[in-house]
Amino acid sequence: MWRSKITAHPKPTKRYVAFIGFTGIVALGYLIALALINPRYLTLPIVQNPGAFLTFAALALATRLMGVSAKPMAGFGLDTPLYTAAMLCIGPGPTAMVAFVAMALKGFVDWAIRVRSGIRWPLFTSIATWIFSPALTGTIIASIGLAFDARELAYHEVLGLHRAILVYLLMALGMLALQFATVLVSYRLNDVSWADIAKEIRSPTFHGDLLFLPLGFALAIAYRDHHTPTLAALAVSYVTFSYIFRQMSKALEAFTESSQELALSEEVGRTVASTLNVEEVGRRVGIALLNALSEARAIVLTVLDDTQRYRQSYIRAVDRLEKPAILEAVFSDLENKFQLDGSEKDRPPEAAAPYDGNIWHCELKTPDVGVIIGYLSVVQPKGVKFSPRDKRIIRGVARQAAVAVQNWRLYSLATEDGLTGLYVRRYIQSRLCEEFERATRSKGNFSLMMVDVDDLKKINDNHGHAAGDKLLRSVATAMRESLRRMDVPGRWGGDEFAVILPDICLKEGLEVGKRIIDSLKDYSFQVRDQIITPSVSIGIAAFNECCPQNVTNMLALADGALYQVKNSGIKGSVTAACPDMVNKVQLRLES
């Protein structure tokens, strides 16, 4: 027997709620009217044989409570054969009442489970889903029973065994067809895809009713022959088979979920292992978890530095507009629960109240010694709890993400300068060789920029190395803000930086240098009673215009342009070098 199960679809559409509400009210009104017009139709069979009524009522309740779930939205109990047999034995009226009570009780259990899981719906939605299945099933039973005059047919002497089988099959198939048609409409109104509906039809749970038809007919024959021990034995068998079928279905569902979790973990592991870009890791992990967790609103990957401070965070959200509020909520929750130092974390770009939701954090630990290197945070709406399956999925993905983050950290140690966060000299040299070969083959262009920080030694001597380090970090930040994502900035050594500018000619390189020098005005800082404004000198060489013979020659050209600026004594200047180092273009920039 089919019934609607919205617990697996947390957000029913308004069309769906309106349909099941209207259908449920009409069906309930039909049953009440039928009982008022002809009370004997309901009560007489019960009075004549209360034992049979109680037997079928107990069977109906047991099979309904042992019903299994069919994804995405169906619930299933092996009770269509039982209700059909009951119509032939105790009449359609009492059978409709038995079905209504059994399904209403099961609906109450589903509601309690839903509330315990934190899923709360509006009152009308809860009432509509509670009434819909019992009233619809009762109406179908009563209507089919009246159409066939089921009980009279069952005991008419002219009705032989073959005709009884035919009547039984017609009633059972009629019940399945009517219920399936109604539920199919409700599925489509709730935006369930045809692919999911087809998958549900092919599931074993749909065919269970058909497979149990012979056992249901045996119940009817046993009652017709008034052989009580046979009826009792068949009833026990029916309940036993229902229980076995339920356990098999639950085992199959658990196996399917485990397979899906393993497949998800493998997919995430394969994708995150293919990149050393932690931002790409955060993006792929977010996509995978949002697809796997239907209730999740956002996934946040937070990476920590060696001092357990926030280093970087990456968010993937269902609604982009919720990102600032979700980030604020995740940061605040991490600080409160794990006492993390958030003084250097990146706050959301907009002032936003924290998102009012349920957040679960999973630690990212290094595979070797178990050091915490970050957190994978999953955000769900308020009141929605994380199921054990959700937590298993998140932990599995977190293990894969931890390996990717650790690989990125190790890669960063080899390629990233610890003070400025820019690339190290060795990496710049390697990339410079690659860019030189690429430009040579494609006859393209690129520029190399050498940057020297003005007065670093003087600031170190007068204010200490902490002030000098802050100056270097300020210059590095200004450079990052002024460059494209494809540009490659690095620390060449001491107070000197190098930047590779792909597809940039000499004139465009000068503009980039000017932009960097201009941006430094926004990075002034105070040391004691003195304001320090960063300043740099820049020399640029371009592949085409300067015609370098090799990488070493190009470095010499850019270095020569830089020292030309330094020797001029004019701070905050950018100079371009030409091949013979004689024709130089020097731009004096206003401070």
# chains A, B, ... in the order shown; residues from 1 in each chain; ligands from 1

call {"tool": "residues_around", "arguments": {"residues": "stretch 318-321 of chain A", "least_positions_apart": "5", "cutoff": "9 Å", "atoms": "only C-alpha atoms", "output": "PyMOL selection string"}}
result
chain A and resi 290+296-298

call {"tool": "closest_residue", "arguments": {"among": "A:Tyr355, A:Leu59, A:Arg188, A:Thr271", "to": "A:Thr240", "atoms": "only C-alpha atoms"}}
result
A:Leu59

call {"tool": "residues_around", "arguments": {"residues": "stretch 503-509 of chain A", "least_positions_apart": "3", "cutoff": "8 Å", "atoms": "only C-alpha atoms", "output": "PDB file with all heavy atoms, in the first residue's frame"}}
result
ATOM      1  N   GLY A 444      55.419  35.102 -28.031  1.00  0.00           N
ATOM      2  CA  GLY A 444      54.562  35.951 -27.221  1.00  0.00           C
ATOM      3  C   GLY A 444      55.355  36.984 -26.450  1.00  0.00           C
ATOM      4  O   GLY A 444      56.491  37.309 -26.808  1.00  0.00           O
ATOM      5  N   ASN A 445      54.784  37.452 -25.367  1.00  0.00           N
ATOM      6  CA  ASN A 445      55.422  38.500 -24.592  1.00  0.00           C
ATOM      7  C   ASN A 445      55.173  38.272 -23.111  1.00  0.00           C
ATOM      8  O   ASN A 445      54.160  37.663 -22.711  1.00  0.00           O
ATOM      9  CB  ASN A 445      54.886  39.871 -25.013  1.00  0.00           C
ATOM     10  CG  ASN A 445      55.868  40.998 -24.651  1.00  0.00           C
ATOM     11  OD1 ASN A 445      56.937  40.742 -24.097  1.00  0.00           O
ATOM     12  ND2 ASN A 445      55.511  42.218 -24.986  1.00  0.00           N
ATOM     13  N   PHE A 446      56.071  38.713 -22.296  1.00  0.00           N
ATOM     14  CA  PHE A 446      55.870  38.779 -20.851  1.00  0.00           C
ATOM     15  C   PHE A 446      56.899  39.733 -20.281  1.00  0.00           C
ATOM     16  O   PHE A 446      57.904  40.061 -20.937  1.00  0.00           O
ATOM     17  CB  PHE A 446      55.974  37.397 -20.211  1.00  0.00           C
ATOM     18  CG  PHE A 446      57.364  36.898 -20.015  1.00  0.00           C
ATOM     19  CD1 PHE A 446      58.022  37.042 -18.795  1.00  0.00           C
ATOM     20  CD2 PHE A 446      58.047  36.274 -21.049  1.00  0.00           C
ATOM     21  CE1 PHE A 446      59.316  36.583 -18.613  1.00  0.00           C
ATOM     22  CE2 PHE A 446      59.340  35.816 -20.871  1.00  0.00           C
ATOM     23  CZ  PHE A 446      59.977  35.970 -19.655  1.00  0.00           C
ATOM     24  N   SER A 447      56.654  40.192 -19.078  1.00  0.00           N
ATOM     25  CA  SER A 447      57.555  41.150 -18.437  1.00  0.00           C
ATOM     26  C   SER A 447      58.024  40.613 -17.100  1.00  0.00           C
ATOM     27  O   SER A 447      57.329  39.816 -16.444  1.00  0.00           O
ATOM     28  CB  SER A 447      56.860  42.504 -18.235  1.00  0.00           C
ATOM     29  OG  SER A 447      56.573  43.112 -19.480  1.00  0.00           O
ATOM     30  N   MET A 449      59.464  42.048 -13.422  1.00  0.00           N
ATOM     31  CA  MET A 449      59.551  43.252 -12.595  1.00  0.00           C
ATOM     32  C   MET A 449      60.380  42.943 -11.350  1.00  0.00           C
ATOM     33  O   MET A 449      60.118  41.978 -10.646  1.00  0.00           O
ATOM     34  CB  MET A 449      58.135  43.696 -12.200  1.00  0.00           C
ATOM     35  CG  MET A 449      58.079  44.877 -11.261  1.00  0.00           C
ATOM     36  SD  MET A 449      56.366  45.184 -10.711  1.00  0.00           S
ATOM     37  CE  MET A 449      55.565  45.561 -12.256  1.00  0.00           C
ATOM     38  N   VAL A 512      51.510  48.730 -14.474  1.00  0.00           N
ATOM     39  CA  VAL A 512      51.382  47.869 -13.290  1.00  0.00           C
ATOM     40  C   VAL A 512      52.271  48.380 -12.162  1.00  0.00           C
ATOM     41  O   VAL A 512      51.863  48.451 -10.997  1.00  0.00           O
ATOM     42  CB  VAL A 512      51.740  46.410 -13.646  1.00  0.00           C
ATOM     43  CG1 VAL A 512      51.739  45.542 -12.382  1.00  0.00           C
ATOM     44  CG2 VAL A 512      50.762  45.849 -14.664  1.00  0.00           C
ATOM     45  N   GLY A 513      53.506  48.727 -12.490  1.00  0.00           N
ATOM     46  CA  GLY A 513      54.397  49.271 -11.474  1.00  0.00           C
ATOM     47  C   GLY A 513      53.858  50.537 -10.849  1.00  0.00           C
ATOM     48  O   GLY A 513      53.946  50.740  -9.637  1.00  0.00           O
ATOM     49  N   ILE A 540      61.851  47.202 -14.759  1.00  0.00           N
ATOM     50  CA  ILE A 540      61.097  46.255 -15.577  1.00  0.00           C
ATOM     51  C   ILE A 540      61.865  45.960 -16.865  1.00  0.00           C
ATOM     52  O   ILE A 540      62.428  46.857 -17.498  1.00  0.00           O
ATOM     53  CB  ILE A 540      59.707  46.814 -15.936  1.00  0.00           C
ATOM     54  CG1 ILE A 540      58.909  47.124 -14.661  1.00  0.00           C
ATOM     55  CG2 ILE A 540      58.924  45.835 -16.795  1.00  0.00           C
ATOM     56  CD1 ILE A 540      57.565  47.760 -14.932  1.00  0.00           C
ATOM     57  N   ALA A 541      61.832  44.661 -17.243  1.00  0.00           N
ATOM     58  CA  ALA A 541      62.341  44.231 -18.548  1.00  0.00           C
ATOM     59  C   ALA A 541      61.264  43.404 -19.221  1.00  0.00           C
ATOM     60  O   ALA A 541      60.575  42.617 -18.557  1.00  0.00           O
ATOM     61  CB  ALA A 541      63.620  43.418 -18.381  1.00  0.00           C
ATOM     62  N   ALA A 542      61.091  43.581 -20.538  1.00  0.00           N
ATOM     63  CA  ALA A 542      60.081  42.845 -21.296  1.00  0.00           C
ATOM     64  C   ALA A 542      60.762  41.933 -22.299  1.00  0.00           C
ATOM     65  O   ALA A 542      61.831  42.243 -22.832  1.00  0.00           O
ATOM     66  CB  ALA A 542      59.128  43.814 -22.000  1.00  0.00           C
ATOM     67  N   PHE A 543      60.123  40.793 -22.576  1.00  0.00           N
ATOM     68  CA  PHE A 543      60.732  39.781 -23.440  1.00  0.00           C
ATOM     69  C   PHE A 543      60.961  40.294 -24.861  1.00  0.00           C
ATOM     70  O   PHE A 543      62.048  40.153 -25.412  1.00  0.00           O
ATOM     71  CB  PHE A 543      59.837  38.540 -23.469  1.00  0.00           C
ATOM     72  CG  PHE A 543      60.347  37.455 -24.364  1.00  0.00           C
ATOM     73  CD1 PHE A 543      61.374  36.617 -23.957  1.00  0.00           C
ATOM     74  CD2 PHE A 543      59.814  37.272 -25.632  1.00  0.00           C
ATOM     75  CE1 PHE A 543      61.862  35.624 -24.793  1.00  0.00           C
ATOM     76  CE2 PHE A 543      60.288  36.274 -26.468  1.00  0.00           C
ATOM     77  CZ  PHE A 543      61.311  35.444 -26.045  1.00  0.00           C
ATOM     78  N   ASN A 544      59.942  40.884 -25.465  1.00  0.00           N
ATOM     79  CA  ASN A 544      60.073  41.325 -26.851  1.00  0.00           C
ATOM     80  C   ASN A 544      60.892  42.602 -26.973  1.00  0.00           C
ATOM     81  O   ASN A 544      61.832  42.695 -27.751  1.00  0.00           O
ATOM     82  CB  ASN A 544      58.696  41.534 -27.475  1.00  0.00           C
ATOM     83  CG  ASN A 544      58.187  40.251 -28.127  1.00  0.00           C
ATOM     84  OD1 ASN A 544      58.976  39.342 -28.390  1.00  0.00           O
ATOM     85  ND2 ASN A 544      56.899  40.173 -28.373  1.00  0.00           N
ATOM     86  N   GLU A 545      60.529  43.604 -26.186  1.00  0.00           N
ATOM     87  CA  GLU A 545      61.177  44.901 -26.345  1.00  0.00           C
ATOM     88  C   GLU A 545      62.660  44.859 -25.976  1.00  0.00           C
ATOM     89  O   GLU A 545      63.505  45.500 -26.608  1.00  0.00           O
ATOM     90  CB  GLU A 545      60.474  45.963 -25.492  1.00  0.00           C
ATOM     91  CG  GLU A 545      59.119  46.398 -26.027  1.00  0.00           C
ATOM     92  CD  GLU A 545      57.967  45.575 -25.463  1.00  0.00           C
ATOM     93  OE1 GLU A 545      58.212  44.440 -24.987  1.00  0.00           O
ATOM     94  OE2 GLU A 545      56.832  46.059 -25.486  1.00  0.00           O
ATOM     95  N   ALA A 576      61.901  51.346 -17.058  1.00  0.00           N
ATOM     96  CA  ALA A 576      61.936  50.254 -18.025  1.00  0.00           C
ATOM     97  C   ALA A 576      63.300  50.172 -18.668  1.00  0.00           C
ATOM     98  O   ALA A 576      63.929  51.185 -18.953  1.00  0.00           O
ATOM     99  CB  ALA A 576      60.863  50.461 -19.091  1.00  0.00           C
TER     100      ALA A 576
END

call {"tool": "closest_residue", "arguments": {"among": "A:Val551, A:Leu82, A:Ala33, A:Ala577", "to": "A:Ala57", "atoms": "only C-alpha atoms"}}
result
A:Leu82

call {"tool": "atom_distance", "arguments": {"atom1": "atom CA of A:Gly29", "atom2": "atom CA of A:Ala177"}}
result
22.1 Å

call {"tool": "residues_around", "arguments": {"residues": "A:Ile20", "least_positions_apart": "5", "cutoff": "8 Å", "atoms": "only C-alpha atoms", "output": "list in words"}}
result
Ala128, Thr129, Phe132 and Ser186 of chain A

call {"tool": "write_last_selection", "arguments": {"atoms": "all heavy atoms", "output": "PDB file, in the first residue's frame"}}
result
ATOM      1  N   ALA A 128      -2.232  18.125   7.019  1.00  0.00           N
ATOM      2  CA  ALA A 128      -2.542  17.634   5.678  1.00  0.00           C
ATOM      3  C   ALA A 128      -1.841  16.316   5.396  1.00  0.00           C
ATOM      4  O   ALA A 128      -2.439  15.376   4.853  1.00  0.00           O
ATOM      5  CB  ALA A 128      -2.147  18.681   4.635  1.00  0.00           C
ATOM      6  N   THR A 129      -0.565  16.230   5.757  1.00  0.00           N
ATOM      7  CA  THR A 129       0.172  14.983   5.514  1.00  0.00           C
ATOM      8  C   THR A 129      -0.320  13.854   6.410  1.00  0.00           C
ATOM      9  O   THR A 129      -0.253  12.678   6.028  1.00  0.00           O
ATOM     10  CB  THR A 129       1.674  15.200   5.757  1.00  0.00           C
ATOM     11  OG1 THR A 129       1.872  15.714   7.083  1.00  0.00           O
ATOM     12  CG2 THR A 129       2.248  16.187   4.761  1.00  0.00           C
ATOM     13  N   PHE A 132      -3.945  12.794   4.787  1.00  0.00           N
ATOM     14  CA  PHE A 132      -4.009  12.427   3.373  1.00  0.00           C
ATOM     15  C   PHE A 132      -4.011  10.919   3.156  1.00  0.00           C
ATOM     16  O   PHE A 132      -4.935  10.362   2.550  1.00  0.00           O
ATOM     17  CB  PHE A 132      -2.831  13.073   2.636  1.00  0.00           C
ATOM     18  CG  PHE A 132      -2.686  12.651   1.211  1.00  0.00           C
ATOM     19  CD1 PHE A 132      -3.640  12.997   0.269  1.00  0.00           C
ATOM     20  CD2 PHE A 132      -1.596  11.895   0.808  1.00  0.00           C
ATOM     21  CE1 PHE A 132      -3.511  12.610  -1.050  1.00  0.00           C
ATOM     22  CE2 PHE A 132      -1.452  11.507  -0.510  1.00  0.00           C
ATOM     23  CZ  PHE A 132      -2.408  11.863  -1.443  1.00  0.00           C
ATOM     24  N   SER A 186       0.828  13.692  -6.721  1.00  0.00           N
ATOM     25  CA  SER A 186       1.403  14.430  -5.591  1.00  0.00           C
ATOM     26  C   SER A 186       2.915  14.542  -5.727  1.00  0.00           C
ATOM     27  O   SER A 186       3.507  15.558  -5.393  1.00  0.00           O
ATOM     28  CB  SER A 186       1.030  13.748  -4.267  1.00  0.00           C
ATOM     29  OG  SER A 186       1.691  12.506  -4.130  1.00  0.00           O
TER      30      SER A 186
END

call {"tool": "residues_around", "arguments": {"residues": "stretch 395-403 of chain A", "least_positions_apart": "3", "cutoff": "6 Å", "atoms": "only C-alpha atoms", "output": "JSON, numbers by chain"}}
result
{"A": [265, 269, 364, 365, 392, 406]}

call {"tool": "write_last_selection", "arguments": {"atoms": "C-alpha atoms", "output": "compact mmCIF listing (two decimals), in the first residue's frame"}}
result
# COMPACT_ATOMS: atom_id res chain seq x y z
CA SER A 265 34.62 9.47 -0.38
CA GLY A 269 39.62 11.81 -2.66
CA LEU A 364 40.91 18.15 9.86
CA LYS A 365 43.91 16.26 11.27
CA ARG A 392 29.57 9.63 8.64
CA GLN A 406 48.29 18.79 4.43

call {"tool": "atom_distance", "arguments": {"atom1": "atom CA of A:Asp452", "atom2": "atom CA of A:Ser412"}}
result
23.6 Å

call {"tool": "decode", "arguments": {"residues": "stretch 16-35 of chain A", "atoms": "N, CA and C atoms", "output": "short mmCIF file (atom, residue, chain, number, x, y, z; two decimals), in the first residue's frame"}}
result
data_model
loop_
_atom_site.label_atom_id
_atom_site.label_comp_id
_atom_site.auth_asym_id
_atom_site.auth_seq_id
_atom_site.Cartn_x
_atom_site.Cartn_y
_atom_site.Cartn_z
N TYR A 16 1.94 21.00 -3.55
CA TYR A 16 1.82 19.66 -2.97
C TYR A 16 0.94 19.68 -1.72
N VAL A 17 1.22 20.62 -0.83
CA VAL A 17 0.44 20.72 0.41
C VAL A 17 -1.03 21.00 0.12
N ALA A 18 -1.27 21.90 -0.85
CA ALA A 18 -2.65 22.21 -1.21
C ALA A 18 -3.37 20.98 -1.77
N PHE A 19 -2.68 20.21 -2.59
CA PHE A 19 -3.29 19.03 -3.21
C PHE A 19 -3.62 17.97 -2.16
N ILE A 20 -2.63 17.61 -1.32
CA ILE A 20 -2.90 16.55 -0.35
C ILE A 20 -3.88 17.03 0.72
N GLY A 21 -3.86 18.33 1.04
CA GLY A 21 -4.82 18.86 2.00
C GLY A 21 -6.24 18.78 1.46
N PHE A 22 -6.43 19.23 0.23
CA PHE A 22 -7.77 19.18 -0.39
C PHE A 22 -8.23 17.74 -0.56
N THR A 23 -7.36 16.86 -1.07
CA THR A 23 -7.72 15.46 -1.28
C THR A 23 -8.04 14.78 0.04
N GLY A 24 -7.23 15.03 1.07
CA GLY A 24 -7.47 14.42 2.36
C GLY A 24 -8.78 14.85 2.98
N ILE A 25 -9.10 16.15 2.89
CA ILE A 25 -10.35 16.64 3.48
C ILE A 25 -11.56 16.05 2.75
N VAL A 26 -11.52 16.02 1.41
CA VAL A 26 -12.62 15.44 0.63
C VAL A 26 -12.80 13.96 0.97
N ALA A 27 -11.68 13.21 1.04
CA ALA A 27 -11.77 11.78 1.34
C ALA A 27 -12.31 11.55 2.75
N LEU A 28 -11.84 12.36 3.71
CA LEU A 28 -12.34 12.22 5.08
C LEU A 28 -13.82 12.53 5.15
N GLY A 29 -14.25 13.57 4.44
CA GLY A 29 -15.68 13.90 4.40
C GLY A 29 -16.50 12.77 3.79
N TYR A 30 -15.97 12.12 2.76
CA TYR A 30 -16.67 11.01 2.13
C TYR A 30 -16.86 9.85 3.11
N LEU A 31 -15.81 9.53 3.89
CA LEU A 31 -15.91 8.43 4.85
C LEU A 31 -16.92 8.76 5.96
N ILE A 32 -16.90 10.00 6.43
CA ILE A 32 -17.85 10.40 7.49
C ILE A 32 -19.28 10.34 6.97
N ALA A 33 -19.50 10.83 5.75
CA ALA A 33 -20.84 10.79 5.15
C ALA A 33 -21.31 9.36 4.98
N LEU A 34 -20.42 8.46 4.55
CA LEU A 34 -20.78 7.06 4.36
C LEU A 34 -21.18 6.42 5.68
N ALA A 35 -20.46 6.76 6.76
CA ALA A 35 -20.78 6.20 8.07
C ALA A 35 -22.10 6.74 8.60
#
